[in-house]
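Structure file target.pdb; described as PDB, C-alpha atoms and all ligand atoms.
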```
ATOM      1  CA  MET A   1      19.986   2.752  10.806
ATOM      2  CA  ARG A   2      16.441   2.245  12.026
ATOM      3  CA  LEU A   3      15.678  -1.057  10.248
ATOM      4  CA  HIS A   4      19.089  -2.706  10.309
ATOM      5  CA  GLY A   5      18.813  -6.525  10.271
ATOM      6  CA  LYS A   6      15.075  -6.553   9.549
ATOM      7  CA  ARG A   7      13.447  -8.375   6.639
ATOM      8  CA  ALA A   8      10.583  -6.683   4.800
ATOM      9  CA  LEU A   9       8.070  -7.682   2.144
ATOM     10  CA  VAL A  10       6.443  -4.858   0.154
ATOM     11  CA  THR A  11       3.620  -5.790  -2.211
ATOM     12  CA  GLY A  12       3.408  -3.506  -5.227
ATOM     13  CA  GLY A  13       7.003  -2.519  -4.485
ATOM     14  CA  SER A  14       7.972  -1.985  -8.128
ATOM     15  CA  ASP A  15       6.273   1.395  -8.562
ATOM     16  CA  GLY A  16       4.734   4.402  -6.850
ATOM     17  CA  ILE A  17       4.220   4.375  -3.096
ATOM     18  CA  GLY A  18       5.443   0.779  -2.679
ATOM     19  CA  LEU A  19       8.698   1.530  -4.506
ATOM     20  CA  ALA A  20       9.314   4.577  -2.318
ATOM     21  CA  ILE A  21       8.647   2.527   0.823
ATOM     22  CA  ALA A  22      10.935  -0.301  -0.353
ATOM     23  CA  GLY A  23      13.685   2.230  -1.104
ATOM     24  CA  ALA A  24      13.303   3.941   2.252
ATOM     25  CA  PHE A  25      13.448   0.585   4.061
ATOM     26  CA  SER A  26      16.611  -0.517   2.252
ATOM     27  CA  CYS A  27      18.231   2.848   2.973
ATOM     28  CA  GLU A  28      17.504   2.115   6.655
ATOM     29  CA  GLY A  29      19.313  -1.220   6.338
ATOM     30  CA  ALA A  30      16.405  -3.681   5.820
ATOM     31  CA  ASP A  31      16.522  -6.588   3.382
ATOM     32  CA  VAL A  32      13.523  -6.120   1.099
ATOM     33  CA  LEU A  33      11.472  -8.430  -1.113
ATOM     34  CA  ILE A  34       9.288  -6.541  -3.593
ATOM     35  CA  VAL A  35       6.349  -8.124  -5.402
ATOM     36  CA  GLY A  36       4.565  -6.990  -8.568
ATOM     37  CA  ARG A  37       3.301  -8.565 -11.791
ATOM     38  CA  ASP A  38       5.522  -7.004 -14.464
ATOM     39  CA  GLY A  39       9.002  -8.588 -14.440
ATOM     40  CA  ASN A  40      10.618  -5.689 -16.334
ATOM     41  CA  LYS A  41       9.334  -3.160 -13.842
ATOM     42  CA  LEU A  42      10.590  -5.338 -10.993
ATOM     43  CA  GLU A  43      14.064  -5.561 -12.530
ATOM     44  CA  ALA A  44      14.267  -1.806 -13.064
ATOM     45  CA  ALA A  45      13.136  -1.255  -9.480
ATOM     46  CA  ARG A  46      15.698  -3.741  -8.145
ATOM     47  CA  ASP A  47      18.528  -2.004 -10.058
ATOM     48  CA  MET A  48      17.480   1.363  -8.694
ATOM     49  CA  LEU A  49      17.056   0.133  -5.118
ATOM     50  CA  ALA A  50      20.321  -1.826  -5.155
ATOM     51  CA  ARG A  51      22.227   1.359  -6.101
ATOM     52  CA  GLU A  52      20.837   3.168  -3.055
ATOM     53  CA  ALA A  53      20.653   0.320  -0.511
ATOM     54  CA  LYS A  54      22.690   0.791   2.671
ATOM     55  CA  ASP A  55      24.865  -1.535   4.688
ATOM     56  CA  GLY A  56      24.646  -4.483   2.274
ATOM     57  CA  ALA A  57      20.834  -4.581   2.426
ATOM     58  CA  ALA A  58      19.562  -7.222  -0.015
ATOM     59  CA  ILE A  59      16.896  -6.494  -2.640
ATOM     60  CA  GLU A  60      14.887  -9.429  -3.984
ATOM     61  CA  THR A  61      12.013  -9.467  -6.436
ATOM     62  CA  LEU A  62       9.127 -11.801  -7.149
ATOM     63  CA  SER A  63       6.666 -11.603 -10.002
ATOM     64  CA  ALA A  64       3.206 -12.641  -8.795
ATOM     65  CA  ASP A  65      -0.391 -11.537  -9.317
ATOM     66  CA  LEU A  66      -1.698 -11.043  -5.804
ATOM     67  CA  ALA A  67      -5.269 -10.902  -7.044
ATOM     68  CA  THR A  68      -4.991 -14.678  -7.497
ATOM     69  CA  GLU A  69      -4.569 -17.553  -5.068
ATOM     70  CA  ALA A  70      -1.573 -18.765  -7.101
ATOM     71  CA  GLY A  71       0.092 -15.375  -6.645
ATOM     72  CA  ILE A  72      -0.417 -15.490  -2.883
ATOM     73  CA  ASP A  73       0.906 -19.084  -2.839
ATOM     74  CA  ALA A  74       4.057 -17.959  -4.696
ATOM     75  CA  VAL A  75       4.799 -15.175  -2.216
ATOM     76  CA  VAL A  76       4.206 -17.398   0.809
ATOM     77  CA  SER A  77       6.445 -20.116  -0.664
ATOM     78  CA  ARG A  78       9.263 -17.632  -1.324
ATOM     79  CA  VAL A  79       9.166 -16.237   2.209
ATOM     80  CA  LYS A  80       9.041 -19.734   3.719
ATOM     81  CA  ALA A  81      11.894 -20.947   1.504
ATOM     82  CA  SER A  82      14.128 -18.156   2.802
ATOM     83  CA  GLY A  83      14.013 -19.841   6.211
ATOM     84  CA  GLN A  84      14.158 -16.374   7.813
ATOM     85  CA  PRO A  85      11.502 -14.648   9.908
ATOM     86  CA  LEU A  86       9.625 -11.737   8.338
ATOM     87  CA  ASP A  87       9.737  -8.540  10.411
ATOM     88  CA  ILE A  88       7.747  -6.147   8.208
ATOM     89  CA  LEU A  89       4.832  -6.833   5.847
ATOM     90  CA  VAL A  90       3.500  -3.944   3.771
ATOM     91  CA  ASN A  91       0.204  -4.734   2.042
ATOM     92  CA  ASN A  92       0.447  -1.940  -0.520
ATOM     93  CA  ALA A  93      -0.608  -3.287  -3.950
ATOM     94  CA  GLY A  94      -4.044  -1.926  -4.792
ATOM     95  CA  VAL A  95      -6.406  -1.059  -7.593
ATOM     96  CA  ALA A  96      -8.787   1.903  -7.868
ATOM     97  CA  PHE A  97     -11.872   1.925 -10.078
ATOM     98  CA  LEU A  98     -13.249   5.432  -9.636
ATOM     99  CA  VAL A  99     -16.442   4.850 -11.622
ATOM    100  CA  PRO A 100     -20.082   5.768 -10.919
ATOM    101  CA  PHE A 101     -21.913   3.378  -8.616
ATOM    102  CA  GLU A 102     -24.476   2.468 -11.269
ATOM    103  CA  THR A 103     -21.769   1.395 -13.741
ATOM    104  CA  VAL A 104     -19.620  -0.745 -11.426
ATOM    105  CA  THR A 105     -19.310  -4.211 -12.955
ATOM    106  CA  GLU A 106     -19.096  -7.530 -11.170
ATOM    107  CA  ASP A 107     -15.593  -7.937 -12.600
ATOM    108  CA  GLN A 108     -14.412  -4.577 -11.221
ATOM    109  CA  PHE A 109     -15.926  -5.485  -7.860
ATOM    110  CA  GLN A 110     -14.132  -8.844  -7.781
ATOM    111  CA  GLN A 111     -10.791  -7.343  -8.882
ATOM    112  CA  SER A 112     -10.975  -4.622  -6.227
ATOM    113  CA  PHE A 113     -11.735  -7.000  -3.413
ATOM    114  CA  ALA A 114      -9.260  -9.638  -4.623
ATOM    115  CA  LEU A 115      -6.337  -7.211  -4.465
ATOM    116  CA  ASN A 116      -7.331  -4.561  -1.912
ATOM    117  CA  VAL A 117      -8.853  -6.896   0.681
ATOM    118  CA  THR A 118      -8.429 -10.640   0.029
ATOM    119  CA  ALA A 119      -4.702 -10.424  -0.735
ATOM    120  CA  ALA A 120      -3.995  -8.411   2.427
ATOM    121  CA  PHE A 121      -6.154 -10.774   4.496
ATOM    122  CA  PHE A 122      -4.714 -14.085   3.304
ATOM    123  CA  LEU A 123      -1.137 -12.954   2.801
ATOM    124  CA  THR A 124      -1.066 -11.780   6.399
ATOM    125  CA  GLN A 125      -2.807 -14.950   7.605
ATOM    126  CA  ARG A 126      -0.564 -17.327   5.681
ATOM    127  CA  LEU A 127       2.651 -15.522   6.616
ATOM    128  CA  LEU A 128       1.843 -15.585  10.334
ATOM    129  CA  PRO A 129       4.117 -18.594  10.994
ATOM    130  CA  GLN A 130       7.017 -16.463   9.662
ATOM    131  CA  VAL A 131       5.994 -13.370  11.637
ATOM    132  CA  GLY A 132       7.172 -13.234  15.220
ATOM    133  CA  ALA A 133       6.876 -10.927  18.203
ATOM    134  CA  GLY A 134       7.949  -7.381  17.321
ATOM    135  CA  ALA A 135       6.825  -7.675  13.702
ATOM    136  CA  SER A 136       4.925  -4.865  11.998
ATOM    137  CA  VAL A 137       2.132  -5.184   9.433
ATOM    138  CA  ILE A 138       1.356  -1.984   7.504
ATOM    139  CA  ASN A 139      -1.712  -1.764   5.267
ATOM    140  CA  ILE A 140      -1.834   1.007   2.687
ATOM    141  CA  SER A 141      -5.366   2.342   2.847
ATOM    142  CA  SER A 142      -6.677   5.636   1.457
ATOM    143  CA  TYR A 143      -8.456   8.800   2.597
ATOM    144  CA  PHE A 144     -11.222   7.576   0.283
ATOM    145  CA  ALA A 145     -12.224   5.108   3.031
ATOM    146  CA  SER A 146     -13.919   7.971   4.822
ATOM    147  CA  LYS A 147     -13.697  11.168   2.771
ATOM    148  CA  MET A 148     -15.107  11.611  -0.713
ATOM    149  CA  ILE A 149     -14.216  14.054  -3.480
ATOM    150  CA  PRO A 150     -16.782  15.853  -5.648
ATOM    151  CA  LYS A 151     -17.051  14.277  -9.109
ATOM    152  CA  ARG A 152     -14.762  11.337  -8.138
ATOM    153  CA  PRO A 153     -17.235   8.467  -7.717
ATOM    154  CA  SER A 154     -15.622   6.076  -5.257
ATOM    155  CA  SER A 155     -18.235   3.645  -3.890
ATOM    156  CA  LEU A 156     -16.220   0.534  -4.815
ATOM    157  CA  TYR A 157     -12.760   1.879  -3.924
ATOM    158  CA  SER A 158     -14.023   3.419  -0.664
ATOM    159  CA  LEU A 159     -15.735   0.173   0.293
ATOM    160  CA  SER A 160     -12.554  -1.845  -0.238
ATOM    161  CA  LYS A 161     -10.358   0.592   1.708
ATOM    162  CA  GLY A 162     -12.960   0.796   4.488
ATOM    163  CA  ALA A 163     -12.749  -2.997   4.709
ATOM    164  CA  LEU A 164      -8.950  -2.761   4.898
ATOM    165  CA  ASN A 165      -9.256  -0.281   7.784
ATOM    166  CA  SER A 166     -11.571  -2.688   9.632
ATOM    167  CA  LEU A 167      -9.116  -5.511   9.013
ATOM    168  CA  THR A 168      -6.307  -3.331  10.396
ATOM    169  CA  LYS A 169      -8.150  -2.690  13.640
ATOM    170  CA  SER A 170      -9.433  -6.227  14.121
ATOM    171  CA  LEU A 171      -5.986  -7.727  13.458
ATOM    172  CA  ALA A 172      -4.326  -5.257  15.837
ATOM    173  CA  PHE A 173      -6.689  -6.641  18.470
ATOM    174  CA  GLU A 174      -6.253 -10.296  17.526
ATOM    175  CA  LEU A 175      -2.507 -10.339  16.851
ATOM    176  CA  GLY A 176      -1.474  -7.936  19.618
ATOM    177  CA  PRO A 177      -1.099 -10.730  22.192
ATOM    178  CA  ARG A 178       1.521 -12.323  19.882
ATOM    179  CA  GLY A 179       3.471  -9.059  19.836
ATOM    180  CA  VAL A 180       2.507  -8.310  16.217
ATOM    181  CA  ARG A 181       1.547  -4.695  15.490
ATOM    182  CA  VAL A 182      -0.910  -3.843  12.706
ATOM    183  CA  ASN A 183      -1.401  -0.300  11.411
ATOM    184  CA  ALA A 184      -2.602   1.427   8.255
ATOM    185  CA  ILE A 185      -1.443   4.510   6.417
ATOM    186  CA  ALA A 186      -4.189   6.477   4.670
ATOM    187  CA  PRO A 187      -2.478   8.622   2.024
ATOM    188  CA  GLY A 188      -4.096  11.630   0.406
ATOM    189  CA  THR A 189      -3.690  12.059  -3.338
ATOM    190  CA  VAL A 190      -0.185  10.988  -4.361
ATOM    191  CA  ASP A 191       1.340  11.542  -7.791
ATOM    192  CA  THR A 192       1.787   7.971  -9.082
ATOM    193  CA  ALA A 193       0.869   5.915 -12.147
ATOM    194  CA  MET A 194      -2.370   4.906 -10.406
ATOM    195  CA  ARG A 195      -3.382   8.524  -9.912
ATOM    196  CA  ARG A 196      -2.421   9.541 -13.441
ATOM    197  CA  LYS A 197      -4.347   6.573 -14.879
ATOM    198  CA  SER A 198      -7.424   7.567 -12.901
ATOM    199  CA  ILE A 199      -7.564  11.099 -14.339
ATOM    200  CA  VAL A 200      -6.285  10.615 -17.881
ATOM    201  CA  ASN A 201      -9.734   9.903 -19.321
ATOM    202  CA  LEU A 202     -11.466  12.802 -17.601
ATOM    203  CA  PRO A 203     -12.465  15.654 -19.917
ATOM    204  CA  ALA A 204      -9.988  18.580 -19.836
ATOM    205  CA  GLU A 205     -12.474  20.730 -17.932
ATOM    206  CA  ALA A 206     -12.895  18.069 -15.218
ATOM    207  CA  GLN A 207      -9.107  17.747 -14.905
ATOM    208  CA  ALA A 208      -8.831  21.527 -14.473
ATOM    209  CA  ASP A 209     -11.638  21.472 -11.858
ATOM    210  CA  LEU A 210      -9.874  18.685  -9.989
ATOM    211  CA  LYS A 211      -6.561  20.556 -10.025
ATOM    212  CA  ALA A 212      -8.245  23.688  -8.641
ATOM    213  CA  TYR A 213     -10.072  21.617  -6.009
ATOM    214  CA  VAL A 214      -6.838  20.011  -4.866
ATOM    215  CA  GLU A 215      -5.001  23.317  -4.678
ATOM    216  CA  ARG A 216      -7.633  24.836  -2.439
ATOM    217  CA  SER A 217      -8.345  21.670  -0.383
ATOM    218  CA  TYR A 218      -4.869  20.602   0.707
ATOM    219  CA  PRO A 219      -3.729  22.869   3.544
ATOM    220  CA  LEU A 220      -0.123  22.213   2.543
ATOM    221  CA  GLY A 221      -1.018  23.339  -0.985
ATOM    222  CA  ARG A 222       0.022  20.318  -3.012
ATOM    223  CA  ILE A 223      -0.625  16.645  -3.560
ATOM    224  CA  GLY A 224       1.884  14.138  -2.210
ATOM    225  CA  SER A 225       4.857  12.378  -3.718
ATOM    226  CA  PRO A 226       5.513   8.696  -2.955
ATOM    227  CA  SER A 227       8.392   9.656  -0.651
ATOM    228  CA  ASP A 228       5.939  11.641   1.501
ATOM    229  CA  ILE A 229       4.395   8.320   2.521
ATOM    230  CA  ALA A 230       7.651   6.459   3.147
ATOM    231  CA  GLY A 231       8.600   8.349   6.325
ATOM    232  CA  MET A 232       5.493   7.144   8.154
ATOM    233  CA  ALA A 233       6.124   3.601   6.897
ATOM    234  CA  ILE A 234       9.671   3.639   8.337
ATOM    235  CA  HIS A 235       8.339   4.851  11.672
ATOM    236  CA  LEU A 236       5.613   2.180  11.851
ATOM    237  CA  ALA A 237       8.057  -0.531  10.776
ATOM    238  CA  SER A 238      10.695   0.430  13.321
ATOM    239  CA  ASP A 239      10.980  -0.252  17.028
ATOM    240  CA  GLU A 240      10.209   3.459  17.618
ATOM    241  CA  ALA A 241       6.566   2.439  17.112
ATOM    242  CA  ALA A 242       6.772  -0.505  19.536
ATOM    243  CA  TRP A 243       3.546   0.557  21.300
ATOM    244  CA  THR A 244       1.639   1.686  18.205
ATOM    245  CA  SER A 245      -1.016  -0.670  16.870
ATOM    246  CA  GLY A 246      -4.512  -0.402  15.412
ATOM    247  CA  GLY A 247      -3.898   3.106  14.064
ATOM    248  CA  ILE A 248      -5.072   4.482  10.722
ATOM    249  CA  PHE A 249      -2.564   7.251  10.072
ATOM    250  CA  ALA A 250      -3.500  10.022   7.656
ATOM    251  CA  VAL A 251      -0.547  11.195   5.567
ATOM    252  CA  ASP A 252      -2.318  13.681   3.361
ATOM    253  CA  GLY A 253      -0.981  17.216   3.633
ATOM    254  CA  GLY A 254      -3.764  18.012   6.105
ATOM    255  CA  TYR A 255      -6.566  17.230   3.643
ATOM    256  CA  THR A 256      -8.747  15.220   6.015
ATOM    257  CA  ALA A 257      -8.308  17.760   8.811
ATOM    258  CA  GLY A 258     -11.001  19.881   7.164
TER     259      GLY A 258
HETATM  260  N1  LIG B 301      -1.756   7.277  -5.650
HETATM  261  C1  LIG B 301      -2.651   7.741  -4.805
HETATM  262  O1  LIG B 301      -3.143   8.891  -4.926
HETATM  263  C2  LIG B 301      -3.104   6.897  -3.643
HETATM  264  C3  LIG B 301      -3.830   7.525  -2.620
HETATM  265  C4  LIG B 301      -4.261   6.780  -1.539
HETATM  266  C5  LIG B 301      -3.962   5.438  -1.463
HETATM  267  N2  LIG B 301      -3.269   4.831  -2.460
HETATM  268  C6  LIG B 301      -2.985   3.402  -2.329
HETATM  269  O2  LIG B 301      -1.579   3.217  -2.344
HETATM  270  C7  LIG B 301      -1.270   1.925  -2.878
HETATM  271  C8  LIG B 301      -0.232   2.069  -3.986
HETATM  272  O3  LIG B 301      -0.770   2.901  -4.990
HETATM  273  P1  LIG B 301       0.173   3.634  -6.084
HETATM  274  O4  LIG B 301      -0.536   4.883  -6.446
HETATM  275  O5  LIG B 301       1.560   3.657  -5.619
HETATM  276  O6  LIG B 301      -0.007   2.605  -7.311
HETATM  277  P2  LIG B 301       0.926   2.375  -8.593
HETATM  278  O7  LIG B 301       1.888   3.480  -8.788
HETATM  279  O8  LIG B 301      -0.046   2.053  -9.691
HETATM  280  O9  LIG B 301       1.747   1.065  -8.196
HETATM  281  C9  LIG B 301       1.055  -0.125  -7.953
HETATM  282  C10 LIG B 301       2.041  -1.223  -7.615
HETATM  283  O10 LIG B 301       1.289  -2.414  -7.329
HETATM  284  C11 LIG B 301       1.641  -3.449  -8.267
HETATM  285  N3  LIG B 301       0.442  -4.227  -8.546
HETATM  286  C12 LIG B 301      -0.706  -3.797  -9.111
HETATM  287  N4  LIG B 301      -1.585  -4.810  -9.226
HETATM  288  C13 LIG B 301      -0.961  -5.907  -8.709
HETATM  289  C14 LIG B 301      -1.341  -7.268  -8.553
HETATM  290  N5  LIG B 301      -2.533  -7.710  -8.972
HETATM  291  N6  LIG B 301      -0.465  -8.131  -7.981
HETATM  292  C15 LIG B 301       0.765  -7.710  -7.580
HETATM  293  N7  LIG B 301       1.171  -6.429  -7.703
HETATM  294  C16 LIG B 301       0.316  -5.548  -8.262
HETATM  295  C17 LIG B 301       2.184  -2.677  -9.486
HETATM  296  O11 LIG B 301       3.062  -3.453 -10.297
HETATM  297  P3  LIG B 301       2.485  -4.295 -11.574
HETATM  298  O12 LIG B 301       1.548  -3.374 -12.292
HETATM  299  O13 LIG B 301       3.687  -4.689 -12.341
HETATM  300  O14 LIG B 301       1.783  -5.458 -10.966
HETATM  301  C18 LIG B 301       2.954  -1.562  -8.778
HETATM  302  O15 LIG B 301       4.177  -2.055  -8.281
HETATM  303  C19 LIG B 301      -2.598   1.332  -3.345
HETATM  304  O16 LIG B 301      -3.098   0.452  -2.375
HETATM  305  C20 LIG B 301      -3.501   2.552  -3.456
HETATM  306  O17 LIG B 301      -4.866   2.206  -3.292
HETATM  307  C21 LIG B 301      -2.811   5.532  -3.560
END
```
Step by step, read the file and then write its structure as structure tokens.
Amino acid sequence: MRLHGKRALVTGGSDGIGLAIAGAFSCEGADVLIVGRDGNKLEAARDMLAREAKDGAAIETLSADLATEAGIDAVVSRVKASGQPLDILVNNAGVAFLVPFETVTEDQFQQSFALNVTAAFFLTQRLLPQVGAGASVINISSYFASKMIPKRPSSLYSLSKGALNSLTKSLAFELGPRGVRVNAIAPGTVDTAMRRKSIVNLPAEAQADLKAYVERSYPLGRIGSPSDIAGMAIHLASDEAAWTSGGIFAVDGGYTAG
């Protein structure tokens, strides 16, 4: 097992990409703490993960809103209270407002930065005392940091994920001398609640256009599933990637190759 004996924290681990990553980690023998806001979703996720976990891997949950300082405090306190080092931190929880530039509100701007940037920044900073040499930080970015889609206005989301990419590279540089690796995964479109929520209000014609665009734009001919992202996360979390840091890894069916 590639993550046997390691301890991982996955933010947004109760659904979508985070849930798939948490499941893949526990199947590789890691103890996993998942964080989300909705306690029912966390419980359902824990039950599912516990059924599949390997080698006695523990699954813990914590309900916290990472867009708030109190939420970050709660996560840091839980990790500290465990008295164990943290080997893997996945900053995955995110929010996407795909709205036209001229309609972006101050509130949407604050929410995006609070979760997509501030939470990753301060959670990583405040957990540093628990993170030792050999640890791996993985930020879940997006292709939207650098590649746009017709009729999918992304100024705010792209800005926040671009900031996360910059944080990834600067932290790889700054934390490398401590033996801490920092990488990002930039998924293409993945079929999750976030994606479904972002298209549900589009007119039927726009949804059909988007579907056709995706089918012709993804060289591998389909959008991703959460498990498509988990393989890269296992690799980056494991000692196989011991000399990999500062990378932004596209996992997108070849979409950004074009
Ligand atoms: N889906 C895609 O096409 C796609 C593509 C590229 C990148 N990404 C990125 O991948 C990451 C995961 O996206 P996803 O599609 O898997 O999303 P998702 O299915 O909507 O899941 C989001 C997870 O984050 C948690 N969460 C949301 N807001 C939170 C908050 N304020 N505090 C704590 N937890 C919170 C959710 O639980 P609660 O709601 O209970 O809090 C849930 O567990 C995001 O960073 C996203 O930007 C997604």
If you apply the PyMOL selection byres (((not hetatm)) within 7 of (chain B and resi 301)) to this file, what residues do you get, as number ranges by chain?
-> A: 11-19, 35-39, 41, 64-67, 92-96, 115-116, 140-143, 186-195, 226
Measure the distance from atom CA of Gly71 of chain A to atom CA of Leu164 of chain A in Å and round it to one decimal.
->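 Going from atom CA of Gly71 of chain A over to atom CA of Leu164 of chain A, I get 19.3 Å.
One distance worth recording is that between atom CA of Phe101 of chain A and atom CA of Pro203 of chain A, which is 19.2 Å.
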Would you write out, as JSON, numbers by chain, every residue that the PyMOL selection byres (((chain A and resi 183) around 6) and not hetatm) captures in this file?
-> {"A": [138, 168, 182, 184, 245, 246, 247]}
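All protein and nucleic acid residues in the vicinity of (18.1, -6.0, -2.8), that is within 8 Å when counting only C-alpha atoms, are Ser26, Asp31, Val32, Leu33, Arg46, Leu49, Ala50, Ala53, Ala57, Ala58, Ile59, Glu60 and Thr61 of chain A.
You can rank A:Leu98, A:Gly5, A:Gly254, A:Gly176 by their closest distance to Ala30 of chain A using all atoms listed in the file, and at the top of that list sits A:Gly5.
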Of the residues A:Phe97, A:Phe144, A:Phe121, A:Tyr157, which is the one nearest to Ser170 of chain A, using all atoms listed in the file?
->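 Among the listed residues, the smallest separation from Ser170 of chain A belongs to A:Phe121.
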Neighbouring residues of Leu128 of chain A were defined as those with any atom within 10 Å, considering all atoms listed in the file; residues of the same chain fewer than 4 positions away were excluded. Please report them as a PDB file with C-alpha atoms, keeping the file's coordinate frame.
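Final file, around.pdb:
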```pdb
ATOM      1  CA  VAL A  76       4.206 -17.398   0.809  1.00  0.00           C
ATOM      2  CA  PRO A  85      11.502 -14.648   9.908  1.00  0.00           C
ATOM      3  CA  LEU A  86       9.625 -11.737   8.338  1.00  0.00           C
ATOM      4  CA  PHE A 122      -4.714 -14.085   3.304  1.00  0.00           C
ATOM      5  CA  LEU A 123      -1.137 -12.954   2.801  1.00  0.00           C
ATOM      6  CA  THR A 124      -1.066 -11.780   6.399  1.00  0.00           C
ATOM      7  CA  GLY A 132       7.172 -13.234  15.220  1.00  0.00           C
ATOM      8  CA  ALA A 135       6.825  -7.675  13.702  1.00  0.00           C
ATOM      9  CA  LEU A 175      -2.507 -10.339  16.851  1.00  0.00           C
ATOM     10  CA  VAL A 180       2.507  -8.310  16.217  1.00  0.00           C
TER      11      VAL A 180
END
```
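Atom pair atom CA of Gln207 of chain A / atom CA of Ile229 of chain A has a distance of 24.0 Å (rounded to one decimal).
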Nearest to Arg216 of chain A by atom-to-atom distance, counting all atoms listed in the file, from A:Tyr255, A:Met148, A:Asn91, A:Leu167 = A:Tyr255
Name every residue that the PyMOL selection byres (((chain A and resi 222) around 10) and not hetatm) selects in this structure, writing the answer as a PyMOL selection string with chains first and numbers rising.
-> chain A and resi 189-190+211+214-221+223-225+252-253+255
Model the absent atoms of segment 116-129 of chain A so that N, CA and C atoms are present, and write the result as a PDB file, in the coordinates of the input.
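Saved as result07.pdb:
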```pdb
ATOM      1  N   ASN A 116      -7.353  -5.524  -3.022  1.00  0.00           N
ATOM      2  CA  ASN A 116      -7.331  -4.561  -1.912  1.00  0.00           C
ATOM      3  C   ASN A 116      -7.667  -5.199  -0.567  1.00  0.00           C
ATOM      4  N   VAL A 117      -8.398  -6.309  -0.589  1.00  0.00           N
ATOM      5  CA  VAL A 117      -8.853  -6.896   0.681  1.00  0.00           C
ATOM      6  C   VAL A 117      -8.370  -8.349   0.837  1.00  0.00           C
ATOM      7  N   THR A 118      -8.735  -9.211  -0.121  1.00  0.00           N
ATOM      8  CA  THR A 118      -8.429 -10.640   0.029  1.00  0.00           C
ATOM      9  C   THR A 118      -6.925 -10.881   0.111  1.00  0.00           C
ATOM     10  N   ALA A 119      -6.158 -10.208  -0.740  1.00  0.00           N
ATOM     11  CA  ALA A 119      -4.702 -10.424  -0.735  1.00  0.00           C
ATOM     12  C   ALA A 119      -4.112 -10.009   0.610  1.00  0.00           C
ATOM     13  N   ALA A 120      -4.529  -8.860   1.127  1.00  0.00           N
ATOM     14  CA  ALA A 120      -3.995  -8.411   2.427  1.00  0.00           C
ATOM     15  C   ALA A 120      -4.397  -9.398   3.525  1.00  0.00           C
ATOM     16  N   PHE A 121      -5.640  -9.856   3.465  1.00  0.00           N
ATOM     17  CA  PHE A 121      -6.154 -10.774   4.496  1.00  0.00           C
ATOM     18  C   PHE A 121      -5.358 -12.091   4.493  1.00  0.00           C
ATOM     19  N   PHE A 122      -5.305 -12.743   3.319  1.00  0.00           N
ATOM     20  CA  PHE A 122      -4.714 -14.085   3.304  1.00  0.00           C
ATOM     21  C   PHE A 122      -3.184 -14.080   3.289  1.00  0.00           C
ATOM     22  N   LEU A 123      -2.600 -13.023   2.726  1.00  0.00           N
ATOM     23  CA  LEU A 123      -1.137 -12.954   2.801  1.00  0.00           C
ATOM     24  C   LEU A 123      -0.723 -12.823   4.267  1.00  0.00           C
ATOM     25  N   THR A 124      -1.397 -11.951   4.975  1.00  0.00           N
ATOM     26  CA  THR A 124      -1.066 -11.780   6.399  1.00  0.00           C
ATOM     27  C   THR A 124      -1.324 -13.086   7.157  1.00  0.00           C
ATOM     28  N   GLN A 125      -2.476 -13.699   6.902  1.00  0.00           N
ATOM     29  CA  GLN A 125      -2.807 -14.950   7.605  1.00  0.00           C
ATOM     30  C   GLN A 125      -1.764 -16.030   7.326  1.00  0.00           C
ATOM     31  N   ARG A 126      -1.422 -16.196   6.044  1.00  0.00           N
ATOM     32  CA  ARG A 126      -0.564 -17.327   5.681  1.00  0.00           C
ATOM     33  C   ARG A 126       0.905 -17.076   6.021  1.00  0.00           C
ATOM     34  N   LEU A 127       1.260 -15.806   6.231  1.00  0.00           N
ATOM     35  CA  LEU A 127       2.651 -15.522   6.616  1.00  0.00           C
ATOM     36  C   LEU A 127       2.837 -15.499   8.132  1.00  0.00           C
ATOM     37  N   LEU A 128       1.736 -15.668   8.869  1.00  0.00           N
ATOM     38  CA  LEU A 128       1.843 -15.585  10.334  1.00  0.00           C
ATOM     39  C   LEU A 128       2.911 -16.504  10.931  1.00  0.00           C
ATOM     40  N   PRO A 129       3.068 -17.742  10.408  1.00  0.00           N
ATOM     41  CA  PRO A 129       4.117 -18.594  10.994  1.00  0.00           C
ATOM     42  C   PRO A 129       5.516 -17.995  10.848  1.00  0.00           C
TER      43      PRO A 129
END
```
